[in-house]
>>> print(open('model20.tsv').read())   # TSV, C-alpha atoms
chain	number	residue	atom	x	y	z
A	1	MET	CA	-9.05	-10.05	-26.65
A	2	MET	CA	-7.73	-7.51	-24.12
A	3	MET	CA	-3.97	-7.36	-23.83
A	4	VAL	CA	-2.53	-7.60	-20.32
A	5	ASN	CA	0.04	-4.97	-19.42
A	6	LYS	CA	2.58	-7.25	-17.74
A	7	PRO	CA	4.88	-4.46	-16.37
A	8	LEU	CA	1.87	-2.74	-14.80
A	9	VAL	CA	0.62	-6.00	-13.30
A	10	LEU	CA	4.10	-6.69	-11.94
A	11	THR	CA	4.28	-3.21	-10.40
A	12	TYR	CA	0.96	-3.68	-8.61
A	13	LEU	CA	2.10	-7.11	-7.47
A	14	TYR	CA	5.24	-5.57	-5.92
A	15	LEU	CA	3.09	-2.91	-4.23
A	16	LEU	CA	0.81	-5.60	-2.82
A	17	ILE	CA	3.79	-7.57	-1.52
A	18	TYR	CA	5.19	-4.41	0.09
A	19	VAL	CA	1.90	-3.57	1.82
A	20	LEU	CA	1.46	-7.16	3.06
A	21	LEU	CA	5.05	-7.49	4.29
A	22	SER	CA	5.10	-4.09	5.96
A	23	SER	CA	1.83	-4.71	7.77
A	24	GLY	CA	2.87	-8.28	8.57
A	25	VAL	CA	6.19	-7.29	10.16
A	26	ILE	CA	4.54	-4.69	12.42
A	27	LEU	CA	1.76	-7.05	13.53
A	28	TYR	CA	4.23	-9.93	13.92
A	29	ASN	CA	6.54	-7.83	16.14
A	30	LYS	CA	3.59	-6.76	18.28
A	31	TRP	CA	2.45	-10.39	18.64
A	32	VAL	CA	5.93	-11.62	19.61
A	33	LEU	CA	6.62	-8.85	22.12
A	34	SER	CA	3.20	-8.50	23.72
A	35	PRO	CA	2.81	-10.17	27.16
A	36	LYS	CA	-0.76	-11.08	26.17
A	37	TYR	CA	0.31	-13.24	23.21
A	38	PHE	CA	3.71	-14.86	22.56
A	39	ASN	CA	5.08	-13.06	25.64
A	40	PHE	CA	8.66	-12.30	24.66
A	41	PRO	CA	9.01	-8.82	26.25
A	42	PHE	CA	12.60	-8.27	25.14
A	43	PRO	CA	12.60	-5.74	22.26
A	44	ILE	CA	16.38	-5.26	22.23
A	45	THR	CA	16.89	-9.02	21.88
A	46	LEU	CA	14.39	-9.17	19.02
A	47	THR	CA	16.12	-6.26	17.27
A	48	MET	CA	19.51	-7.96	17.69
A	49	ILE	CA	18.10	-11.14	16.13
A	50	HIS	CA	16.97	-9.08	13.14
A	51	MET	CA	20.34	-7.36	12.82
A	52	GLY	CA	22.34	-10.56	13.21
A	53	PHE	CA	20.23	-12.42	10.66
A	54	SER	CA	20.26	-9.55	8.14
A	55	GLY	CA	24.02	-9.06	8.49
A	56	ALA	CA	24.68	-12.79	8.01
A	57	VAL	CA	22.48	-12.98	4.89
A	58	ALA	CA	24.17	-9.88	3.43
A	59	PHE	CA	27.61	-11.37	4.13
A	60	PHE	CA	26.79	-14.57	2.25
A	61	LEU	CA	25.25	-12.66	-0.67
A	62	ILE	CA	28.31	-10.43	-1.03
A	63	ARG	CA	31.28	-12.56	0.01
A	64	VAL	CA	30.15	-16.10	-0.84
A	65	PHE	CA	27.61	-15.92	-3.66
A	66	LYS	CA	29.00	-12.64	-5.13
A	67	VAL	CA	25.50	-11.32	-5.92
A	68	VAL	CA	26.72	-7.73	-5.59
A	69	SER	CA	30.09	-6.17	-5.04
A	70	PRO	CA	30.95	-4.29	-1.82
A	71	VAL	CA	31.53	-0.54	-2.14
A	72	LYS	CA	34.95	1.00	-1.60
A	73	MET	CA	34.79	1.49	2.16
A	74	THR	CA	37.80	2.95	3.92
A	75	LEU	CA	38.31	2.82	7.70
A	76	GLU	CA	37.92	6.59	7.90
A	77	ILE	CA	34.56	6.52	6.08
A	78	TYR	CA	33.38	3.60	8.21
A	79	ILE	CA	34.22	5.32	11.50
A	80	THR	CA	32.96	8.79	10.56
A	81	CYS	CA	29.89	7.75	8.54
A	82	VAL	CA	28.72	4.17	9.08
A	83	VAL	CA	29.25	4.10	12.85
A	84	PRO	CA	27.09	7.16	13.75
A	85	ILE	CA	24.39	6.14	11.25
A	86	SER	CA	24.35	2.63	12.72
A	87	ALA	CA	24.08	4.04	16.24
A	88	PHE	CA	20.94	6.04	15.47
A	89	PHE	CA	19.54	3.18	13.39
A	90	ALA	CA	19.93	0.84	16.35
A	91	ALA	CA	18.35	3.42	18.67
A	92	SER	CA	15.34	3.95	16.38
A	93	LEU	CA	14.63	0.21	16.19
A	94	TRP	CA	15.20	-0.27	19.91
A	95	PHE	CA	12.82	2.51	20.98
A	96	GLY	CA	10.28	1.70	18.26
A	97	ASN	CA	10.07	-1.97	19.20
A	98	THR	CA	9.91	-1.15	22.92
A	99	ALA	CA	6.81	0.98	22.28
A	100	TYR	CA	4.90	-2.20	21.34
A	101	LEU	CA	5.02	-3.23	24.99
A	102	TYR	CA	3.02	-0.19	26.10
A	103	ILE	CA	0.76	1.14	23.32
A	104	SER	CA	-1.38	-0.29	20.54
A	105	VAL	CA	-0.34	-0.77	16.93
A	106	ALA	CA	-3.05	1.66	15.79
A	107	PHE	CA	-1.80	4.45	18.05
A	108	ILE	CA	1.81	3.77	17.03
A	109	GLN	CA	0.85	4.26	13.36
A	110	MET	CA	-0.84	7.54	14.26
A	111	LEU	CA	2.26	8.75	16.09
A	112	LYS	CA	4.38	7.87	13.04
A	113	ALA	CA	2.68	10.76	11.23
A	114	LEU	CA	5.22	12.88	13.16
A	115	MET	CA	8.02	11.53	10.97
A	116	PRO	CA	8.01	14.51	8.52
A	117	VAL	CA	8.04	16.91	11.48
A	118	ALA	CA	11.01	15.19	13.08
A	119	THR	CA	12.96	14.98	9.83
A	120	PHE	CA	12.28	18.62	8.96
A	121	ILE	CA	13.49	19.77	12.40
A	122	MET	CA	16.65	17.66	12.17
A	123	ALA	CA	17.33	18.79	8.60
A	124	VAL	CA	17.07	22.46	9.58
A	125	MET	CA	19.31	21.89	12.61
A	126	CYS	CA	21.92	20.11	10.44
A	127	GLY	CA	21.72	22.74	7.71
A	128	THR	CA	20.43	20.47	4.92
A	129	ASP	CA	17.07	22.26	4.71
A	130	LYS	CA	15.80	25.79	5.28
A	131	GLY	CA	12.90	26.90	7.42
A	132	ARG	CA	9.95	27.83	5.19
A	133	CYS	CA	6.56	29.18	6.20
A	134	ASP	CA	4.58	26.77	3.98
A	135	VAL	CA	6.45	23.73	5.30
A	136	PHE	CA	6.23	25.01	8.88
A	137	SER	CA	2.44	25.40	8.59
A	138	ASN	CA	2.19	21.79	7.38
A	139	MET	CA	4.34	20.60	10.26
A	140	LEU	CA	2.10	22.52	12.67
A	141	LEU	CA	-0.97	20.86	11.14
A	142	VAL	CA	0.60	17.41	11.57
A	143	SER	CA	1.52	18.15	15.18
A	144	VAL	CA	-1.98	19.39	16.02
A	145	GLY	CA	-3.48	16.27	14.46
A	146	VAL	CA	-1.21	13.97	16.47
A	147	VAL	CA	-2.03	15.85	19.69
A	148	ILE	CA	-5.78	15.46	19.01
A	149	SER	CA	-5.30	11.78	18.22
A	150	SER	CA	-3.30	11.30	21.44
A	151	TYR	CA	-5.98	13.07	23.46
A	152	GLY	CA	-8.57	10.66	22.04
A	153	GLU	CA	-6.50	7.57	22.89
A	154	ILE	CA	-8.36	5.52	25.51
A	155	HIS	CA	-5.33	3.50	26.65
A	156	PHE	CA	-2.84	6.37	26.52
A	157	ASN	CA	0.54	5.48	28.02
A	158	GLY	CA	3.14	8.20	28.51
A	159	VAL	CA	6.10	5.81	28.63
A	160	GLY	CA	5.15	4.06	25.38
A	161	THR	CA	4.45	7.38	23.65
A	162	LEU	CA	7.85	8.71	24.76
A	163	TYR	CA	9.59	5.60	23.44
A	164	GLN	CA	7.86	5.88	20.06
A	165	VAL	CA	8.48	9.62	19.63
A	166	THR	CA	12.14	9.17	20.64
A	167	GLY	CA	12.47	6.39	18.08
A	168	ILE	CA	10.95	8.65	15.41
A	169	PHE	CA	13.46	11.44	16.13
A	170	ALA	CA	16.34	8.94	16.17
A	171	GLU	CA	15.25	7.67	12.75
A	172	ALA	CA	14.89	11.25	11.47
A	173	LEU	CA	18.43	12.04	12.57
A	174	ARG	CA	19.65	8.85	10.90
A	175	LEU	CA	18.02	9.93	7.64
A	176	VAL	CA	19.67	13.35	7.76
A	177	LEU	CA	23.06	11.86	8.72
A	178	THR	CA	22.79	9.42	5.81
A	179	GLN	CA	22.45	12.39	3.48
A	180	VAL	CA	25.08	14.57	5.15
A	181	LEU	CA	27.71	11.86	5.68
A	182	LEU	CA	27.30	9.09	3.12
A	183	GLN	CA	25.92	10.96	0.10
A	184	LYS	CA	28.52	13.70	0.44
A	185	LYS	CA	31.16	11.00	0.22
A	186	GLY	CA	29.59	9.87	-3.05
A	187	LEU	CA	28.54	6.49	-1.60
A	188	THR	CA	25.31	4.83	-2.68
A	189	LEU	CA	24.33	1.76	-0.72
A	190	ASN	CA	21.81	-0.72	-2.11
A	191	PRO	CA	19.76	-2.88	0.31
A	192	ILE	CA	22.35	-5.66	0.46
A	193	THR	CA	25.38	-3.42	1.01
A	194	SER	CA	23.41	-1.36	3.55
A	195	LEU	CA	22.73	-4.49	5.58
A	196	TYR	CA	26.30	-5.68	5.11
A	197	TYR	CA	27.85	-2.55	6.63
A	198	ILE	CA	25.19	-1.20	8.99
A	199	ALA	CA	23.51	-4.28	10.50
A	200	PRO	CA	26.63	-5.72	12.24
A	201	CYS	CA	27.56	-2.30	13.63
A	202	SER	CA	24.01	-1.79	14.92
A	203	PHE	CA	24.16	-5.23	16.53
A	204	VAL	CA	27.31	-4.18	18.44
A	205	PHE	CA	25.68	-0.94	19.62
A	206	LEU	CA	22.72	-2.90	21.00
A	207	CYS	CA	24.93	-5.22	23.07
A	208	ALA	CA	25.50	-2.71	25.89
A	209	PRO	CA	21.81	-1.84	26.54
A	210	TRP	CA	20.91	-5.53	26.16
A	211	TYR	CA	23.46	-6.54	28.79
A	212	VAL	CA	22.20	-3.92	31.26
A	213	LEU	CA	18.45	-3.95	30.59
A	214	GLU	CA	17.45	-7.38	29.30
A	215	LYS	CA	20.07	-9.98	30.18
A	216	PRO	CA	19.18	-10.03	33.92
A	217	GLY	CA	15.49	-10.44	33.14
A	218	MET	CA	16.13	-13.24	30.66
A	219	GLU	CA	18.09	-15.19	33.27
A	220	VAL	CA	15.27	-15.27	35.81
A	221	SER	CA	12.21	-15.51	33.57
A	222	GLN	CA	10.81	-18.50	31.71
A	223	ILE	CA	11.51	-17.62	28.07
A	224	GLN	CA	9.66	-19.17	25.16
A	225	PHE	CA	12.29	-19.54	22.47
A	226	ASN	CA	10.78	-21.01	19.33
A	227	PHE	CA	13.35	-21.12	16.53
A	228	TRP	CA	10.79	-21.01	13.72
A	229	ILE	CA	8.97	-18.03	15.22
A	230	PHE	CA	12.12	-15.91	15.40
A	231	PHE	CA	13.47	-17.18	12.06
A	232	SER	CA	10.26	-16.35	10.20
A	233	ASN	CA	10.04	-12.98	11.96
A	234	ALA	CA	13.58	-12.03	10.93
A	235	LEU	CA	12.96	-13.36	7.40
A	236	CYS	CA	9.89	-11.14	7.02
A	237	ALA	CA	11.86	-8.08	8.14
A	238	LEU	CA	14.60	-8.89	5.62
A	239	ALA	CA	12.11	-9.48	2.80
A	240	LEU	CA	10.49	-6.12	3.54
A	241	ASN	CA	13.77	-4.31	2.84
A	242	PHE	CA	14.06	-5.97	-0.56
A	243	SER	CA	10.39	-5.43	-1.45
A	244	ILE	CA	10.68	-1.67	-0.86
A	245	PHE	CA	13.72	-1.55	-3.14
A	246	LEU	CA	11.78	-3.39	-5.87
A	247	VAL	CA	8.81	-1.04	-5.56
A	248	ILE	CA	10.97	2.10	-5.70
A	249	GLY	CA	12.88	0.75	-8.70
A	250	ARG	CA	9.67	0.26	-10.69
A	251	THR	CA	7.57	3.22	-9.54
A	252	GLY	CA	9.46	5.90	-7.62
A	253	ALA	CA	9.27	7.47	-4.19
A	254	VAL	CA	5.91	9.19	-4.77
A	255	THR	CA	4.08	5.91	-5.40
A	256	ILE	CA	5.55	4.25	-2.35
A	257	ARG	CA	4.44	7.21	-0.25
A	258	VAL	CA	0.87	6.71	-1.44
A	259	ALA	CA	1.16	2.98	-0.80
A	260	GLY	CA	2.52	3.78	2.66
A	261	VAL	CA	-0.52	5.91	3.51
A	262	LEU	CA	-2.82	3.12	2.29
A	263	LYS	CA	-0.84	0.63	4.35
A	264	ASP	CA	-1.23	2.73	7.49
A	265	TRP	CA	-5.03	2.81	7.20
A	266	ILE	CA	-5.17	-0.94	6.50
A	267	LEU	CA	-2.86	-1.61	9.44
A	268	ILE	CA	-4.95	0.49	11.82
A	269	ALA	CA	-8.07	-1.42	10.78
A	270	LEU	CA	-6.36	-4.83	10.93
A	271	SER	CA	-4.83	-4.20	14.34
A	272	THR	CA	-8.25	-3.64	15.88
A	273	VAL	CA	-9.35	-7.05	14.58
A	274	ILE	CA	-6.20	-9.01	15.51
A	275	PHE	CA	-5.64	-7.24	18.82
A	276	PRO	CA	-9.06	-6.52	20.36
A	277	GLU	CA	-7.55	-4.29	23.04
A	278	SER	CA	-6.65	-1.78	20.28
A	279	THR	CA	-9.75	0.39	20.58
A	280	ILE	CA	-10.08	3.32	18.17
A	281	THR	CA	-12.16	6.38	19.04
A	282	GLY	CA	-13.67	9.00	16.78
A	283	LEU	CA	-11.17	11.54	18.09
A	284	ASN	CA	-8.33	9.18	17.10
A	285	ILE	CA	-9.58	9.10	13.52
A	286	ILE	CA	-10.20	12.86	13.33
A	287	GLY	CA	-6.74	13.66	14.70
A	288	TYR	CA	-5.00	11.18	12.40
A	289	ALA	CA	-6.93	12.52	9.38
A	290	ILE	CA	-5.79	16.06	10.21
A	291	ALA	CA	-2.19	14.90	10.60
A	292	LEU	CA	-2.42	12.97	7.34
A	293	CYS	CA	-3.58	16.10	5.49
A	294	GLY	CA	-0.42	17.84	6.66
A	295	VAL	CA	1.74	14.88	5.57
A	296	VAL	CA	0.11	14.80	2.11
A	297	MET	CA	0.61	18.53	1.64
A	298	TYR	CA	4.23	18.23	2.77
A	299	ASN	CA	4.84	15.43	0.26
A	300	TYR	CA	3.23	17.55	-2.45
A	301	LEU	CA	5.55	20.46	-1.68
A	302	LYS	CA	8.61	18.19	-1.77
A	303	VAL	CA	7.63	16.70	-5.13
A	304	LYS	CA	6.87	20.19	-6.45
A	305	ASP	CA	10.33	21.38	-5.37
A	306	VAL	CA	11.99	18.42	-7.12
A	307	ARG	CA	10.10	19.06	-10.36
A	308	ALA	CA	10.87	22.79	-10.21
A	309	SER	CA	14.58	22.04	-9.82
A	310	GLN	CA	14.44	19.89	-12.97
A	311	LEU	CA	12.75	22.45	-15.24
A	312	PRO	CA	14.91	23.42	-18.27
A	313	GLU	CA	16.58	26.80	-17.98
A	314	SER	CA	15.36	29.66	-20.12
A	315	ILE	CA	17.66	30.92	-22.89
A	316	PRO	CA	18.48	34.25	-21.15
A	317	ASP	CA	19.22	32.44	-17.88
A	318	ARG	CA	21.39	29.94	-19.70
A	319	MET	CA	23.29	32.68	-21.56
A	320	THR	CA	23.87	34.58	-18.30
A	321	LYS	CA	25.09	31.43	-16.57
A	322	ASP	CA	27.44	30.55	-19.45
A	323	TRP	CA	28.79	34.12	-19.52
A	324	LYS	CA	29.53	34.02	-15.79
A	325	LEU	CA	31.25	30.66	-16.12
A	326	GLU	CA	33.28	31.91	-19.09
A	327	LYS	CA	34.29	35.05	-17.21
A	328	LYS	CA	35.22	33.03	-14.14
A	329	SER	CA	37.30	30.59	-16.15
A	330	SER	CA	39.13	33.45	-17.89
A	331	ASP	CA	40.10	34.96	-14.54
A	332	ILE	CA	41.54	31.74	-13.13
A	333	PHE	CA	44.24	29.69	-14.79
A	334	THR	CA	43.36	26.00	-14.76
A	335	PRO	CA	45.79	23.31	-15.97
A	336	LYS	CA	44.54	21.10	-18.79
A	337	ASN	CA	44.69	17.94	-16.71
A	338	SER	CA	42.68	19.40	-13.82
A	339	SER	CA	39.50	17.77	-15.12
A	340	ASP	CA	40.90	14.41	-14.04
A	341	ASN	CA	40.69	15.43	-10.40
A	342	ASN	CA	36.92	15.95	-10.25
A	343	GLY	CA	35.99	12.41	-9.32
A	344	GLY	CA	34.95	13.34	-5.80
A	345	GLY	CA	31.91	15.35	-6.83
A	346	GLY	CA	29.41	13.13	-5.04
A	347	GLY	CA	28.55	15.97	-2.72
A	348	GLY	CA	27.02	17.89	-5.60
A	349	ASN	CA	23.93	15.73	-5.42
A	350	MET	CA	22.82	17.24	-2.14
A	351	ASN	CA	19.32	18.67	-2.08
A	352	SER	CA	16.77	19.10	0.65
A	353	SER	CA	16.33	16.58	3.41
A	354	SER	CA	15.76	12.94	2.63
A	355	ASP	CA	12.25	11.72	1.94
A	356	THR	CA	10.49	11.32	5.22
A	357	ASN	CA	7.46	9.18	4.59
A	358	VAL	CA	9.37	5.96	4.54
A	359	ASP	CA	8.65	2.69	6.11
A	360	GLU	CA	10.11	2.66	9.59
A	361	GLU	CA	10.20	-1.12	9.60
A	362	ALA	CA	12.72	-1.15	6.77
A	363	PRO	CA	14.65	2.11	7.13
A	364	LEU	CA	17.86	0.89	5.49
A	365	ILE	CA	16.31	1.61	2.09
A	366	SER	CA	15.39	5.18	2.89
A	367	SER	CA	18.68	6.60	1.64
A	368	ARG	CA	17.72	5.31	-1.82
A	369	LEU	CA	14.29	6.95	-1.86
A	370	SER	CA	15.42	10.46	-2.63
A	371	HIS	CA	17.72	9.54	-5.52
A	372	VAL	CA	15.40	7.05	-7.21
A	373	GLY	CA	12.38	9.26	-6.71
A	374	ARG	CA	14.07	12.15	-8.51
A	375	THR	CA	15.14	9.82	-11.29
A	376	GLN	CA	11.55	8.67	-11.82
A	377	LEU	CA	10.23	12.24	-11.79
A	378	SER	CA	12.69	13.33	-14.46
A	379	LYS	CA	11.46	10.71	-16.93
>>> encode(input="model20.tsv", output="structure tokens")
Amino acid sequence: MMMVNKPLVLTYLYLLIYVLLSSGVILYNKWVLSPKYFNFPFPITLTMIHMGFSGAVAFFLIRVFKVVSPVKMTLEIYITCVVPISAFFAASLWFGNTAYLYISVAFIQMLKALMPVATFIMAVMCGTDKGRCDVFSNMLLVSVGVVISSYGEIHFNGVGTLYQVTGIFAEALRLVLTQVLLQKKGLTLNPITSLYYIAPCSFVFLCAPWYVLEKPGMEVSQIQFNFWIFFSNALCALALNFSIFLVIGRTGAVTIRVAGVLKDWILIALSTVIFPESTITGLNIIGYAIALCGVVMYNYLKVKDVRASQLPESIPDRMTKDWKLEKKSSDIFTPKNSSDNNGGGGGGNMNSSSDTNVDEEAPLISSRLSHVGRTQLSK
């Protein structure tokens, strides 16, 4: 009788749940926002519903049910770290959801291949990564693929494309700021604490554009407000955050990248069935395939860099390093109790830019990808 590998089965089950939830949230958002279907053309309002619901659930899990403990968050850290990250998080969701009003789900997924390009540019600008010829050539390949795919888009819309690309760059900047600001402070936020701190702040940031752009339109239009539609939509978005965390915890960042690529192809195919107006041309597929080759090569280089950084040092290198440290310590007098003051070394974990092939529908988990992925690779 063949023995069933329960951990492996559970891992694949988590991956399946992630793919289903991720695809479901994207298709659900498109269905809710599209004038041809549920006809709720207010993306900022929908994003605020998600943020309000997620923040409320996180509050109850932390303060009422005590599922996890809140991190040590000072006012200075909140203002200098959480507030700017929340601002760009809110902007990425706002622009990304607005794109659903203008362009198809399939074309949106193709544009999302630009995510590594955007993150690499932002990382170089912020000084967390260095410009390299091999990475630059991959970024160029991705960009060429996206341009070809855009040229082949039958229902190309410049406004929708601009919204989506702006959302991608806002999310890329949020990823880099998460690394530069939070990780240097030594803070690690799990999904619940991320929602607890970031979701309410993002909700506040969205209030101003909502008041100016959507409130007047909501007052004069006939709005369909179905409680169960919005509740289930927000619940799916929340569940997606947790499912990504479960997948990363069992497999690592590399596996979720592969699952993400598989999800994109499935989503492109599904969207053409569910939304018949989403027509895909041969040039779309060719361009996306070219862009995907660049993304895969970029991911390979990042994983290769992580593994290279974890290789054991050779004996001569180790002896040289120890000699330099010994010489340095002999030149500088250090009190015996100075070792007690090294608790703020969280910034020593900084590496290259955060992993970029993350799920844009659940970006609060992305700050965990890099750390957990390296942990899995070192095993």
>>> closest_residue(input="model20.tsv", among="A:Leu283, A:Cys236, A:Leu270, A:Ile192", to="Leu61 of chain A", atoms="only C-alpha atoms")
A:Ile192
>>> residues_around(input="model20.tsv", residues="Gly52 of chain A", least_positions_apart="6", cutoff="12 Å", atoms="all atoms listed in the file", output="list in words")
Thr45, Leu46, Ala58, Phe59, Leu195, Tyr196, Tyr197, Ile198, Ala199, Pro200, Cys201, Ser202, Phe203, Val204, Leu206, Cys207, Phe230, Phe231, Ala234, Leu235, Ala237 and Leu238 of chain A
>>> residues_around(input="model20.tsv", residues="Gly96 of chain A", least_positions_apart="2", cutoff="8 Å", atoms="all atoms listed in the file", output="NGL selection string")
:A and (92-94 or 98-100 or 163-164 or 167-168)
>>> write_last_selection(input="model20.tsv", atoms="C-alpha atoms", output="PDB file, in the coordinates of the input")
ATOM      1  CA  SER A  92      15.340   3.950  16.380  1.00  0.00           C
ATOM      2  CA  LEU A  93      14.630   0.210  16.190  1.00  0.00           C
ATOM      3  CA  TRP A  94      15.200  -0.270  19.910  1.00  0.00           C
ATOM      4  CA  THR A  98       9.910  -1.150  22.920  1.00  0.00           C
ATOM      5  CA  ALA A  99       6.810   0.980  22.280  1.00  0.00           C
ATOM      6  CA  TYR A 100       4.900  -2.200  21.340  1.00  0.00           C
ATOM      7  CA  TYR A 163       9.590   5.600  23.440  1.00  0.00           C
ATOM      8  CA  GLN A 164       7.860   5.880  20.060  1.00  0.00           C
ATOM      9  CA  GLY A 167      12.470   6.390  18.080  1.00  0.00           C
ATOM     10  CA  ILE A 168      10.950   8.650  15.410  1.00  0.00           C
TER      11      ILE A 168
END
>>> residues_near_point(input="model20.tsv", point="(16.2, 12.6, 10.6)", cutoff="9 Å", atoms="all atoms listed in the file", output="count of residues only")
22
>>> atom_distance(input="model20.tsv", atom1="atom CA of Pro209 of chain A", atom2="atom CA of Ala91 of chain A")
10.1 Å
>>> closest_residue(input="model20.tsv", among="A:Ser69, A:Thr279, A:Thr80, A:Asn97", to="Met48 of chain A", atoms="all atoms listed in the file")
A:Asn97
>>> closest_residue(input="model20.tsv", among="A:Val212, A:Cys133, A:Val57, A:Ile103", to="Lys30 of chain A", atoms="only C-alpha atoms")
A:Ile103
>>> residues_around(input="model20.tsv", residues="Ile286 of chain A", least_positions_apart="5", cutoff="12 Å", atoms="only C-alpha atoms", output="list in words")
Met110, Val142, Val144, Gly145, Val146, Val147, Ile148, Ser149, Ser150, Tyr151, Gly152, Glu153, Ile280, Thr281, Ala291, Leu292 and Cys293 of chain A
>>> closest_residue(input="model20.tsv", among="A:Asp134, A:Leu111, A:Asn284, A:Lys263", to="Val165 of chain A", atoms="only C-alpha atoms")
A:Leu111
>>> closest_residue(input="model20.tsv", among="A:Tyr12, A:Ile229, A:Tyr102, A:Ile17", to="Gly158 of chain A", atoms="only C-alpha atoms")
A:Tyr102
